[in-house]
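Text of target38.pdb (PDB, C-alpha atoms and all ligand atoms) as supplied:
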```pdb
ATOM      1  CA  MET E  47      45.888  43.356 158.734  1.00  0.00           C
ATOM      2  CA  GLU E  48      42.896  45.160 160.206  1.00  0.00           C
ATOM      3  CA  ARG E  49      39.382  43.664 160.268  1.00  0.00           C
ATOM      4  CA  THR E  50      35.951  45.255 160.516  1.00  0.00           C
ATOM      5  CA  PHE E  51      32.395  44.058 160.962  1.00  0.00           C
ATOM      6  CA  LEU E  52      29.789  45.066 158.359  1.00  0.00           C
ATOM      7  CA  ALA E  53      26.125  44.062 158.205  1.00  0.00           C
ATOM      8  CA  ILE E  54      23.664  44.566 155.373  1.00  0.00           C
ATOM      9  CA  LYS E  55      20.488  45.489 157.251  1.00  0.00           C
ATOM     10  CA  PRO E  56      17.030  44.013 156.480  1.00  0.00           C
ATOM     11  CA  ASP E  57      16.217  46.893 154.098  1.00  0.00           C
ATOM     12  CA  GLY E  58      19.378  46.210 152.079  1.00  0.00           C
ATOM     13  CA  VAL E  59      18.544  42.516 151.803  1.00  0.00           C
ATOM     14  CA  GLN E  60      14.877  43.174 150.918  1.00  0.00           C
ATOM     15  CA  ARG E  61      15.881  45.716 148.276  1.00  0.00           C
ATOM     16  CA  GLY E  62      18.239  43.309 146.524  1.00  0.00           C
ATOM     17  CA  LEU E  63      21.395  45.251 147.359  1.00  0.00           C
ATOM     18  CA  VAL E  64      23.449  42.346 148.738  1.00  0.00           C
ATOM     19  CA  GLY E  65      25.461  41.794 145.550  1.00  0.00           C
ATOM     20  CA  THR E  66      26.002  45.509 144.921  1.00  0.00           C
ATOM     21  CA  ILE E  67      27.246  46.127 148.457  1.00  0.00           C
ATOM     22  CA  ILE E  68      29.598  43.146 148.520  1.00  0.00           C
ATOM     23  CA  GLN E  69      30.930  44.129 145.109  1.00  0.00           C
ATOM     24  CA  ARG E  70      31.802  47.619 146.367  1.00  0.00           C
ATOM     25  CA  PHE E  71      34.142  46.273 149.036  1.00  0.00           C
ATOM     26  CA  GLU E  72      35.592  43.609 146.730  1.00  0.00           C
ATOM     27  CA  GLN E  73      36.307  46.203 144.066  1.00  0.00           C
ATOM     28  CA  LYS E  74      37.960  48.505 146.581  1.00  0.00           C
ATOM     29  CA  GLY E  75      40.444  45.705 147.220  1.00  0.00           C
ATOM     30  CA  TYR E  76      39.320  44.441 150.611  1.00  0.00           C
ATOM     31  CA  THR E  77      39.126  40.756 151.499  1.00  0.00           C
ATOM     32  CA  LEU E  78      35.998  38.956 152.691  1.00  0.00           C
ATOM     33  CA  VAL E  79      36.848  36.641 155.596  1.00  0.00           C
ATOM     34  CA  GLY E  80      33.384  35.967 157.069  1.00  0.00           C
ATOM     35  CA  LEU E  81      29.870  35.912 155.585  1.00  0.00           C
ATOM     36  CA  LYS E  82      26.467  34.660 156.715  1.00  0.00           C
ATOM     37  CA  LEU E  83      22.767  35.354 156.122  1.00  0.00           C
ATOM     38  CA  MET E  84      20.925  35.261 159.428  1.00  0.00           C
ATOM     39  CA  ARG E  85      17.955  36.413 161.460  1.00  0.00           C
ATOM     40  CA  VAL E  86      19.014  38.577 164.396  1.00  0.00           C
ATOM     41  CA  SER E  87      17.638  37.756 167.860  1.00  0.00           C
ATOM     42  CA  ARG E  88      16.447  40.587 170.093  1.00  0.00           C
ATOM     43  CA  GLU E  89      19.281  39.710 172.472  1.00  0.00           C
ATOM     44  CA  LEU E  90      21.936  40.102 169.757  1.00  0.00           C
ATOM     45  CA  ALA E  91      20.322  43.324 168.512  1.00  0.00           C
ATOM     46  CA  GLU E  92      20.261  44.820 172.006  1.00  0.00           C
ATOM     47  CA  GLN E  93      23.900  43.874 172.628  1.00  0.00           C
ATOM     48  CA  HIS E  94      25.058  45.119 169.235  1.00  0.00           C
ATOM     49  CA  TYR E  95      23.334  48.491 169.669  1.00  0.00           C
ATOM     50  CA  GLY E  96      23.911  48.662 173.460  1.00  0.00           C
ATOM     51  CA  GLU E  97      25.471  52.141 173.253  1.00  0.00           C
ATOM     52  CA  HIS E  98      22.101  53.469 172.002  1.00  0.00           C
ATOM     53  CA  LYS E  99      19.848  51.786 174.575  1.00  0.00           C
ATOM     54  CA  ASP E 100      18.669  55.061 176.129  1.00  0.00           C
ATOM     55  CA  LYS E 101      17.988  56.809 172.791  1.00  0.00           C
ATOM     56  CA  PRO E 102      14.392  57.376 171.671  1.00  0.00           C
ATOM     57  CA  PHE E 103      14.994  55.492 168.421  1.00  0.00           C
ATOM     58  CA  PHE E 104      16.318  52.339 170.197  1.00  0.00           C
ATOM     59  CA  PRO E 105      13.058  50.291 170.271  1.00  0.00           C
ATOM     60  CA  GLY E 106      12.417  51.033 166.600  1.00  0.00           C
ATOM     61  CA  LEU E 107      16.012  50.190 165.737  1.00  0.00           C
ATOM     62  CA  VAL E 108      15.811  46.806 167.477  1.00  0.00           C
ATOM     63  CA  ASN E 109      12.445  46.060 165.822  1.00  0.00           C
ATOM     64  CA  PHE E 110      13.885  46.973 162.435  1.00  0.00           C
ATOM     65  CA  ILE E 111      17.130  44.986 162.687  1.00  0.00           C
ATOM     66  CA  THR E 112      15.204  41.877 163.824  1.00  0.00           C
ATOM     67  CA  SER E 113      12.492  42.273 161.142  1.00  0.00           C
ATOM     68  CA  GLY E 114      14.158  40.237 158.389  1.00  0.00           C
ATOM     69  CA  PRO E 115      17.374  38.550 157.322  1.00  0.00           C
ATOM     70  CA  VAL E 116      20.650  40.458 157.529  1.00  0.00           C
ATOM     71  CA  VAL E 117      23.996  39.655 155.917  1.00  0.00           C
ATOM     72  CA  ALA E 118      26.775  39.693 158.521  1.00  0.00           C
ATOM     73  CA  MET E 119      30.312  40.081 157.200  1.00  0.00           C
ATOM     74  CA  VAL E 120      33.911  40.479 158.292  1.00  0.00           C
ATOM     75  CA  TRP E 121      36.237  42.313 155.897  1.00  0.00           C
ATOM     76  CA  GLU E 122      40.004  42.594 156.100  1.00  0.00           C
ATOM     77  CA  GLY E 123      42.537  45.046 154.712  1.00  0.00           C
ATOM     78  CA  ARG E 124      44.698  48.045 155.354  1.00  0.00           C
ATOM     79  CA  GLY E 125      42.637  50.825 156.932  1.00  0.00           C
ATOM     80  CA  VAL E 126      39.404  48.874 156.430  1.00  0.00           C
ATOM     81  CA  ILE E 127      37.665  50.119 159.601  1.00  0.00           C
ATOM     82  CA  ALA E 128      37.795  53.829 158.785  1.00  0.00           C
ATOM     83  CA  ASN E 129      37.597  53.358 155.021  1.00  0.00           C
ATOM     84  CA  ALA E 130      34.527  51.135 155.157  1.00  0.00           C
ATOM     85  CA  ARG E 131      32.824  53.922 157.148  1.00  0.00           C
ATOM     86  CA  LYS E 132      33.761  56.353 154.363  1.00  0.00           C
ATOM     87  CA  LEU E 133      32.384  54.021 151.681  1.00  0.00           C
ATOM     88  CA  ILE E 134      29.198  53.640 153.757  1.00  0.00           C
ATOM     89  CA  GLY E 135      28.679  57.388 154.246  1.00  0.00           C
ATOM     90  CA  ALA E 136      26.982  59.520 156.916  1.00  0.00           C
ATOM     91  CA  THR E 137      24.512  57.933 159.339  1.00  0.00           C
ATOM     92  CA  ASN E 138      21.666  60.053 157.965  1.00  0.00           C
ATOM     93  CA  PRO E 139      21.496  59.279 154.232  1.00  0.00           C
ATOM     94  CA  LEU E 140      20.220  62.810 153.598  1.00  0.00           C
ATOM     95  CA  ASN E 141      23.718  63.977 154.587  1.00  0.00           C
ATOM     96  CA  ALA E 142      25.605  61.135 152.899  1.00  0.00           C
ATOM     97  CA  GLU E 143      27.682  62.110 149.883  1.00  0.00           C
ATOM     98  CA  PRO E 144      26.808  60.710 146.443  1.00  0.00           C
ATOM     99  CA  GLY E 145      29.138  57.815 145.740  1.00  0.00           C
ATOM    100  CA  THR E 146      28.711  56.411 149.245  1.00  0.00           C
ATOM    101  CA  LEU E 147      26.404  53.447 149.800  1.00  0.00           C
ATOM    102  CA  ARG E 148      23.985  55.432 151.953  1.00  0.00           C
ATOM    103  CA  GLY E 149      24.275  58.448 149.629  1.00  0.00           C
ATOM    104  CA  ASP E 150      23.401  56.352 146.603  1.00  0.00           C
ATOM    105  CA  PHE E 151      20.952  53.797 148.004  1.00  0.00           C
ATOM    106  CA  ALA E 152      19.136  55.228 151.043  1.00  0.00           C
ATOM    107  CA  VAL E 153      16.929  58.160 152.089  1.00  0.00           C
ATOM    108  CA  ASP E 154      15.892  57.735 155.727  1.00  0.00           C
ATOM    109  CA  VAL E 155      18.133  57.358 158.818  1.00  0.00           C
ATOM    110  CA  GLY E 156      16.028  54.424 160.046  1.00  0.00           C
ATOM    111  CA  ARG E 157      16.498  52.622 156.689  1.00  0.00           C
ATOM    112  CA  ASN E 158      20.176  53.238 155.971  1.00  0.00           C
ATOM    113  CA  VAL E 159      20.974  49.850 154.437  1.00  0.00           C
ATOM    114  CA  ILE E 160      24.274  48.931 156.099  1.00  0.00           C
ATOM    115  CA  HIS E 161      26.137  48.921 159.403  1.00  0.00           C
ATOM    116  CA  GLY E 162      29.895  49.339 159.804  1.00  0.00           C
ATOM    117  CA  SER E 163      32.056  49.290 162.959  1.00  0.00           C
ATOM    118  CA  ASP E 164      33.134  52.796 163.958  1.00  0.00           C
ATOM    119  CA  SER E 165      36.462  52.086 165.750  1.00  0.00           C
ATOM    120  CA  PRO E 166      39.054  49.332 166.269  1.00  0.00           C
ATOM    121  CA  GLU E 167      37.542  48.602 169.704  1.00  0.00           C
ATOM    122  CA  ASN E 168      34.012  48.235 168.327  1.00  0.00           C
ATOM    123  CA  ALA E 169      35.243  46.223 165.335  1.00  0.00           C
ATOM    124  CA  GLU E 170      36.780  43.653 167.673  1.00  0.00           C
ATOM    125  CA  ARG E 171      33.725  43.669 169.945  1.00  0.00           C
ATOM    126  CA  GLU E 172      31.265  43.263 167.050  1.00  0.00           C
ATOM    127  CA  ILE E 173      33.269  40.555 165.245  1.00  0.00           C
ATOM    128  CA  ASN E 174      33.338  38.526 168.483  1.00  0.00           C
ATOM    129  CA  LEU E 175      29.645  39.177 169.107  1.00  0.00           C
ATOM    130  CA  TRP E 176      28.482  38.078 165.636  1.00  0.00           C
ATOM    131  CA  PHE E 177      30.998  35.417 164.609  1.00  0.00           C
ATOM    132  CA  GLN E 178      32.666  32.387 166.130  1.00  0.00           C
ATOM    133  CA  THR E 179      36.388  32.075 165.417  1.00  0.00           C
ATOM    134  CA  GLN E 180      35.910  28.986 163.250  1.00  0.00           C
ATOM    135  CA  GLU E 181      33.443  30.883 161.026  1.00  0.00           C
ATOM    136  CA  LEU E 182      36.215  33.244 159.920  1.00  0.00           C
ATOM    137  CA  VAL E 183      38.331  32.086 157.000  1.00  0.00           C
ATOM    138  CA  PRO E 184      41.781  33.653 156.653  1.00  0.00           C
ATOM    139  CA  TRP E 185      43.087  33.423 153.081  1.00  0.00           C
ATOM    140  CA  GLU E 186      45.639  35.088 150.867  1.00  0.00           C
ATOM    141  CA  PRO E 187      44.066  36.604 147.737  1.00  0.00           C
ATOM    142  CA  ALA E 188      46.143  35.958 144.613  1.00  0.00           C
ATOM    143  CA  LEU E 189      45.852  39.655 143.733  1.00  0.00           C
ATOM    144  CA  THR E 190      47.399  40.931 146.973  1.00  0.00           C
ATOM    145  CA  SER E 191      50.560  42.254 145.304  1.00  0.00           C
ATOM    146  CA  TRP E 192      48.383  44.157 142.783  1.00  0.00           C
ATOM    147  CA  VAL E 193      46.431  45.869 145.576  1.00  0.00           C
ATOM    148  CA  TYR E 194      49.296  46.452 148.047  1.00  0.00           C
ATOM    149  CA  GLU E 195      52.739  47.815 147.195  1.00  0.00           C
ATOM    150  CA  MET E 196      54.126  45.676 150.003  1.00  0.00           C
TER     151      MET E 196
HETATM  152  P1  LIG Y 201      26.020  54.439 162.405  1.00  0.00           P
HETATM  153  O1  LIG Y 201      27.219  53.995 163.196  1.00  0.00           O
HETATM  154  O2  LIG Y 201      26.379  55.371 161.267  1.00  0.00           O
HETATM  155  O3  LIG Y 201      25.179  53.289 161.916  1.00  0.00           O
HETATM  156  O4  LIG Y 201      25.119  55.325 163.370  1.00  0.00           O
HETATM  157  P2  LIG Y 201      24.840  55.238 164.950  1.00  0.00           P
HETATM  158  O5  LIG Y 201      25.750  54.272 165.608  1.00  0.00           O
HETATM  159  O6  LIG Y 201      24.810  56.635 165.463  1.00  0.00           O
HETATM  160  O7  LIG Y 201      23.331  54.703 165.008  1.00  0.00           O
HETATM  161  C1  LIG Y 201      23.064  53.336 164.788  1.00  0.00           C
HETATM  162  C2  LIG Y 201      21.855  53.233 163.891  1.00  0.00           C
HETATM  163  O8  LIG Y 201      20.722  53.741 164.579  1.00  0.00           O
HETATM  164  C3  LIG Y 201      21.932  54.063 162.608  1.00  0.00           C
HETATM  165  O9  LIG Y 201      22.597  53.403 161.552  1.00  0.00           O
HETATM  166  C4  LIG Y 201      20.475  54.281 162.288  1.00  0.00           C
HETATM  167  O10 LIG Y 201      19.917  53.143 161.630  1.00  0.00           O
HETATM  168  C5  LIG Y 201      19.849  54.388 163.675  1.00  0.00           C
HETATM  169  N1  LIG Y 201      19.735  55.787 164.067  1.00  0.00           N
HETATM  170  C6  LIG Y 201      20.712  56.617 164.477  1.00  0.00           C
HETATM  171  N2  LIG Y 201      20.235  57.845 164.760  1.00  0.00           N
HETATM  172  C7  LIG Y 201      18.890  57.776 164.528  1.00  0.00           C
HETATM  173  C8  LIG Y 201      17.818  58.708 164.630  1.00  0.00           C
HETATM  174  O11 LIG Y 201      18.002  59.876 165.000  1.00  0.00           O
HETATM  175  N3  LIG Y 201      16.570  58.249 164.301  1.00  0.00           N
HETATM  176  C9  LIG Y 201      16.342  56.975 163.899  1.00  0.00           C
HETATM  177  N4  LIG Y 201      15.095  56.595 163.584  1.00  0.00           N
HETATM  178  N5  LIG Y 201      17.325  56.068 163.776  1.00  0.00           N
HETATM  179  C10 LIG Y 201      18.579  56.458 164.087  1.00  0.00           C
HETATM  180 MG    MG Y 202      27.387  53.147 165.078  1.00  0.00          MG
END
```
Represent the structure of the file as structure tokens.
Amino acid sequence: MERTFLAIKPDGVQRGLVGTIIQRFEQKGYTLVGLKLMRVSRELAEQHYGEHKDKPFFPGLVNFITSGPVVAMVWEGRGVIANARKLIGATNPLNAEPGTLRGDFAVDVGRNVIHGSDSPENAEREINLWFQTQELVPWEPALTSWVYEM
């Protein structure tokens, strides 16, 4: 089973969207295997967003992601990496379709509520960056056979 890393950003936490966002992935049928509320250090922020370090928005992005608590999560399920990105919607919420989290709950690209890994390589990198192995809890949901044909 595939795993991805998702994080509810400080704007999502401040706006009271934690429950709504978690519910979306639960209702889809994905399985939560890691969850913590935390403050992000500058070091973690800079590593997480390392691919953007030369972009003009990088300093603002690091300031924003370290500005308040975030909810870090690992979700598991078939196709979860690509499908979580679809449920999240386009990076710029102005381009995000209605029905996506960013389409429904965000307006500005610098306040787009949630992060999701964009590839299997980044999912593995981000899970290892944000979580220790013993913080992840593998479990078999009782509803598995009602979500998966096999
Ligand atoms: P994501 O994978 O959809 O989150 O998008 P990216 O990896 O391209 O960018 C990471 C994050 O940087 C985005 O979620 C935005 O919060 C922020 N970001 C990206 N592009 C811009 C931009 O042009 N301006 C600003 N202010 N922030 C941006
Ligand atoms: Mg990205």
* Enumerate, as a PyMOL selection string, the residues matched when the PyMOL selection byres (((chain E and resi 103-114) around 12) and not hetatm) is run on the file above. => chain E and resi 53-61+83-102+115-118+155-161
* Counting all atoms listed in the file, name the residues that have an atom within 7 Å of an atom of ligand MG 202 (chain Y); the answer should be given as a list in words. =>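 I would give the residues around ligand MG 202 (chain Y) as Gly162, Ser163 and Asp164 of chain E.
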* **Selection as a count of residues only: residues within 12 Å of (33.5, 40.1, 158.9), counting all atoms listed in the file** => 44
* Point out the residue among E:Val64, E:Leu133, E:Trp185, E:Ser165 with the least atom-to-atom distance to Asp150 of chain E, counting all atoms listed in the file. =>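 Using all atoms listed in the file, Asp150 of chain E sits closest to E:Leu133.
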* To do: Give the answer as one residue: which of E:Gly135, E:Gly62, E:Gly149, E:Gly125 has the shortest atom-to-atom distance to ligand LIG 201 (chain Y), using all atoms listed in the file?
  =>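 Looking at the shortest contact to ligand LIG 201 (chain Y), the residue is E:Gly135.
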* Point-to-point distance from atom C4 of ligand LIG 201 (chain Y) to atom CA of Asn138 of chain E, Å rounded to tenths ->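 Taking atom C4 of ligand LIG 201 (chain Y) and atom CA of Asn138 of chain E, their separation equals 7.3 Å.
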Listed atoms of ligand LIG 201 (chain Y), axis-aligned box, 6 Å per side: centre and edge lengths to one decimal in Å, as lines of an AutoDock Vina configuration file?
```
center_x = 21.2
center_y = 56.5
center_z = 163.4
size_x = 24.1
size_y = 18.7
size_z = 16.3
```
* To do: Work out how far apart atom CA of Ala136 of chain E and atom O3 of ligand LIG 201 (chain Y) are and give it in Å to one decimal.
  =>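 We find that atom CA of Ala136 of chain E and atom O3 of ligand LIG 201 (chain Y) lie 8.2 Å from each other.
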* Taking all atoms listed in the file into account, which of E:Met47, E:Ala128, E:Leu63, E:Val193 comes nearest ligand LIG 201 (chain Y)? ->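 Ranking E:Met47, E:Ala128, E:Leu63, E:Val193 by distance to ligand LIG 201 (chain Y), first place goes to E:Ala128.
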* Nearest to Gly75 of chain E by atom-to-atom distance, counting all atoms listed in the file, from E:Val153, E:Leu147, E:Ile134, E:Ala188 -> E:Ala188
* Separation of atom O10 of ligand LIG 201 (chain Y) from atom CA of Arg131 of chain E, in Å and rounded to one decimal ->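 Computing the Euclidean distance for atom O10 of ligand LIG 201 (chain Y) and atom CA of Arg131 of chain E yields 13.7 Å.
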Using the structure just given, write a file holding C-alpha atoms for segment 66-173 of chain E, as a PDB file, in the first residue's frame.
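Final file, out12.pdb:
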```pdb
ATOM      1  CA  THR E  66     -12.982  19.030   7.760  1.00  0.00           C
ATOM      2  CA  ILE E  67      -9.709  18.169   6.035  1.00  0.00           C
ATOM      3  CA  ILE E  68      -9.159  14.928   7.936  1.00  0.00           C
ATOM      4  CA  GLN E  69     -12.759  13.937   7.278  1.00  0.00           C
ATOM      5  CA  ARG E  70     -12.276  14.367   3.523  1.00  0.00           C
ATOM      6  CA  PHE E  71      -9.507  11.774   3.395  1.00  0.00           C
ATOM      7  CA  GLU E  72     -11.295   9.429   5.806  1.00  0.00           C
ATOM      8  CA  GLN E  73     -14.458   9.594   3.733  1.00  0.00           C
ATOM      9  CA  LYS E  74     -12.544   8.913   0.535  1.00  0.00           C
ATOM     10  CA  GLY E  75     -11.474   5.625   2.107  1.00  0.00           C
ATOM     11  CA  TYR E  76      -7.847   6.324   2.954  1.00  0.00           C
ATOM     12  CA  THR E  77      -6.224   5.244   6.211  1.00  0.00           C
ATOM     13  CA  LEU E  78      -4.544   7.578   8.696  1.00  0.00           C
ATOM     14  CA  VAL E  79      -1.276   6.048   9.922  1.00  0.00           C
ATOM     15  CA  GLY E  80       0.469   9.096  11.435  1.00  0.00           C
ATOM     16  CA  LEU E  81      -0.801  12.331  13.007  1.00  0.00           C
ATOM     17  CA  LYS E  82       0.722  15.112  15.099  1.00  0.00           C
ATOM     18  CA  LEU E  83       0.182  18.805  15.866  1.00  0.00           C
ATOM     19  CA  MET E  84       3.523  20.583  15.908  1.00  0.00           C
ATOM     20  CA  ARG E  85       5.423  23.819  15.463  1.00  0.00           C
ATOM     21  CA  VAL E  86       7.806  23.657  12.511  1.00  0.00           C
ATOM     22  CA  SER E  87      11.427  24.747  13.025  1.00  0.00           C
ATOM     23  CA  ARG E  88      13.098  26.907  10.386  1.00  0.00           C
ATOM     24  CA  GLU E  89      15.465  24.007   9.718  1.00  0.00           C
ATOM     25  CA  LEU E  90      12.601  21.586   8.999  1.00  0.00           C
ATOM     26  CA  ALA E  91      10.811  24.191   6.865  1.00  0.00           C
ATOM     27  CA  GLU E  92      13.930  24.858   4.797  1.00  0.00           C
ATOM     28  CA  GLN E  93      14.553  21.135   4.275  1.00  0.00           C
ATOM     29  CA  HIS E  94      10.926  20.398   3.433  1.00  0.00           C
ATOM     30  CA  TYR E  95      10.753  23.200   0.855  1.00  0.00           C
ATOM     31  CA  GLY E  96      14.399  22.815  -0.282  1.00  0.00           C
ATOM     32  CA  GLU E  97      13.419  22.561  -3.964  1.00  0.00           C
ATOM     33  CA  HIS E  98      12.091  26.149  -3.755  1.00  0.00           C
ATOM     34  CA  LYS E  99      15.057  27.739  -1.965  1.00  0.00           C
ATOM     35  CA  ASP E 100      15.972  30.025  -4.875  1.00  0.00           C
ATOM     36  CA  LYS E 101      12.388  31.188  -5.551  1.00  0.00           C
ATOM     37  CA  PRO E 102      11.352  34.726  -4.594  1.00  0.00           C
ATOM     38  CA  PHE E 103       8.524  33.423  -2.408  1.00  0.00           C
ATOM     39  CA  PHE E 104      10.834  31.128  -0.347  1.00  0.00           C
ATOM     40  CA  PRO E 105      11.478  33.471   2.641  1.00  0.00           C
ATOM     41  CA  GLY E 106       7.768  34.236   2.940  1.00  0.00           C
ATOM     42  CA  LEU E 107       6.919  30.552   2.645  1.00  0.00           C
ATOM     43  CA  VAL E 108       9.315  29.605   5.453  1.00  0.00           C
ATOM     44  CA  ASN E 109       8.009  32.456   7.642  1.00  0.00           C
ATOM     45  CA  PHE E 110       4.442  31.339   7.006  1.00  0.00           C
ATOM     46  CA  ILE E 111       4.932  27.612   7.650  1.00  0.00           C
ATOM     47  CA  THR E 112       6.766  28.361  10.928  1.00  0.00           C
ATOM     48  CA  SER E 113       4.194  30.972  12.057  1.00  0.00           C
ATOM     49  CA  GLY E 114       1.831  28.631  13.910  1.00  0.00           C
ATOM     50  CA  PRO E 115       0.971  25.003  14.561  1.00  0.00           C
ATOM     51  CA  VAL E 116       0.630  22.604  11.638  1.00  0.00           C
ATOM     52  CA  VAL E 117      -0.947  19.148  11.547  1.00  0.00           C
ATOM     53  CA  ALA E 118       1.458  16.624  10.014  1.00  0.00           C
ATOM     54  CA  MET E 119      -0.085  13.412   8.706  1.00  0.00           C
ATOM     55  CA  VAL E 120       0.729  10.206   6.870  1.00  0.00           C
ATOM     56  CA  TRP E 121      -2.097   8.605   4.880  1.00  0.00           C
ATOM     57  CA  GLU E 122      -2.138   5.180   3.277  1.00  0.00           C
ATOM     58  CA  GLY E 123      -4.114   3.626   0.442  1.00  0.00           C
ATOM     59  CA  ARG E 124      -4.195   2.663  -3.183  1.00  0.00           C
ATOM     60  CA  GLY E 125      -3.113   5.603  -5.339  1.00  0.00           C
ATOM     61  CA  VAL E 126      -3.053   7.939  -2.331  1.00  0.00           C
ATOM     62  CA  ILE E 127      -0.119  10.084  -3.522  1.00  0.00           C
ATOM     63  CA  ALA E 128      -1.673  11.234  -6.795  1.00  0.00           C
ATOM     64  CA  ASN E 129      -5.249  11.160  -5.519  1.00  0.00           C
ATOM     65  CA  ALA E 130      -4.519  13.265  -2.450  1.00  0.00           C
ATOM     66  CA  ARG E 131      -3.051  15.883  -4.821  1.00  0.00           C
ATOM     67  CA  LYS E 132      -6.311  15.781  -6.797  1.00  0.00           C
ATOM     68  CA  LEU E 133      -8.397  16.190  -3.633  1.00  0.00           C
ATOM     69  CA  ILE E 134      -6.135  19.095  -2.610  1.00  0.00           C
ATOM     70  CA  GLY E 135      -6.389  20.901  -5.961  1.00  0.00           C
ATOM     71  CA  ALA E 136      -4.124  23.302  -7.875  1.00  0.00           C
ATOM     72  CA  THR E 137      -1.314  25.124  -6.066  1.00  0.00           C
ATOM     73  CA  ASN E 138      -2.948  28.495  -6.738  1.00  0.00           C
ATOM     74  CA  PRO E 139      -6.436  28.290  -5.202  1.00  0.00           C
ATOM     75  CA  LEU E 140      -7.707  30.700  -7.861  1.00  0.00           C
ATOM     76  CA  ASN E 141      -7.144  27.854 -10.344  1.00  0.00           C
ATOM     77  CA  ALA E 142      -8.314  25.053  -8.049  1.00  0.00           C
ATOM     78  CA  GLU E 143     -11.562  23.370  -9.039  1.00  0.00           C
ATOM     79  CA  PRO E 144     -14.601  23.613  -6.746  1.00  0.00           C
ATOM     80  CA  GLY E 145     -14.817  20.403  -4.758  1.00  0.00           C
ATOM     81  CA  THR E 146     -11.085  20.402  -4.048  1.00  0.00           C
ATOM     82  CA  LEU E 147      -9.831  21.544  -0.650  1.00  0.00           C
ATOM     83  CA  ARG E 148      -8.009  24.558  -2.074  1.00  0.00           C
ATOM     84  CA  GLY E 149     -10.905  25.279  -4.456  1.00  0.00           C
ATOM     85  CA  ASP E 150     -13.399  25.289  -1.611  1.00  0.00           C
ATOM     86  CA  PHE E 151     -11.395  26.729   1.287  1.00  0.00           C
ATOM     87  CA  ALA E 152      -8.623  29.007  -0.020  1.00  0.00           C
ATOM     88  CA  VAL E 153      -8.084  32.123  -2.155  1.00  0.00           C
ATOM     89  CA  ASP E 154      -4.390  33.039  -2.157  1.00  0.00           C
ATOM     90  CA  VAL E 155      -1.398  30.887  -3.225  1.00  0.00           C
ATOM     91  CA  GLY E 156       0.497  31.868  -0.064  1.00  0.00           C
ATOM     92  CA  ARG E 157      -2.445  30.714   2.115  1.00  0.00           C
ATOM     93  CA  ASN E 158      -3.451  27.464   0.426  1.00  0.00           C
ATOM     94  CA  VAL E 159      -4.306  25.497   3.566  1.00  0.00           C
ATOM     95  CA  ILE E 160      -2.655  22.126   2.922  1.00  0.00           C
ATOM     96  CA  HIS E 161       0.488  20.462   1.606  1.00  0.00           C
ATOM     97  CA  GLY E 162       0.614  17.096  -0.160  1.00  0.00           C
ATOM     98  CA  SER E 163       3.605  15.135  -1.513  1.00  0.00           C
ATOM     99  CA  ASP E 164       3.822  15.374  -5.301  1.00  0.00           C
ATOM    100  CA  SER E 165       5.558  12.053  -6.173  1.00  0.00           C
ATOM    101  CA  PRO E 166       6.496   8.678  -4.657  1.00  0.00           C
ATOM    102  CA  GLU E 167      10.076   9.928  -4.173  1.00  0.00           C
ATOM    103  CA  ASN E 168       8.975  13.072  -2.331  1.00  0.00           C
ATOM    104  CA  ALA E 169       6.394  11.140  -0.299  1.00  0.00           C
ATOM    105  CA  GLU E 170       9.125   8.865   1.039  1.00  0.00           C
ATOM    106  CA  ARG E 171      11.494  11.790   1.614  1.00  0.00           C
ATOM    107  CA  GLU E 172       8.862  13.880   3.434  1.00  0.00           C
ATOM    108  CA  ILE E 173       7.546  11.012   5.590  1.00  0.00           C
TER     109      ILE E 173
END
```
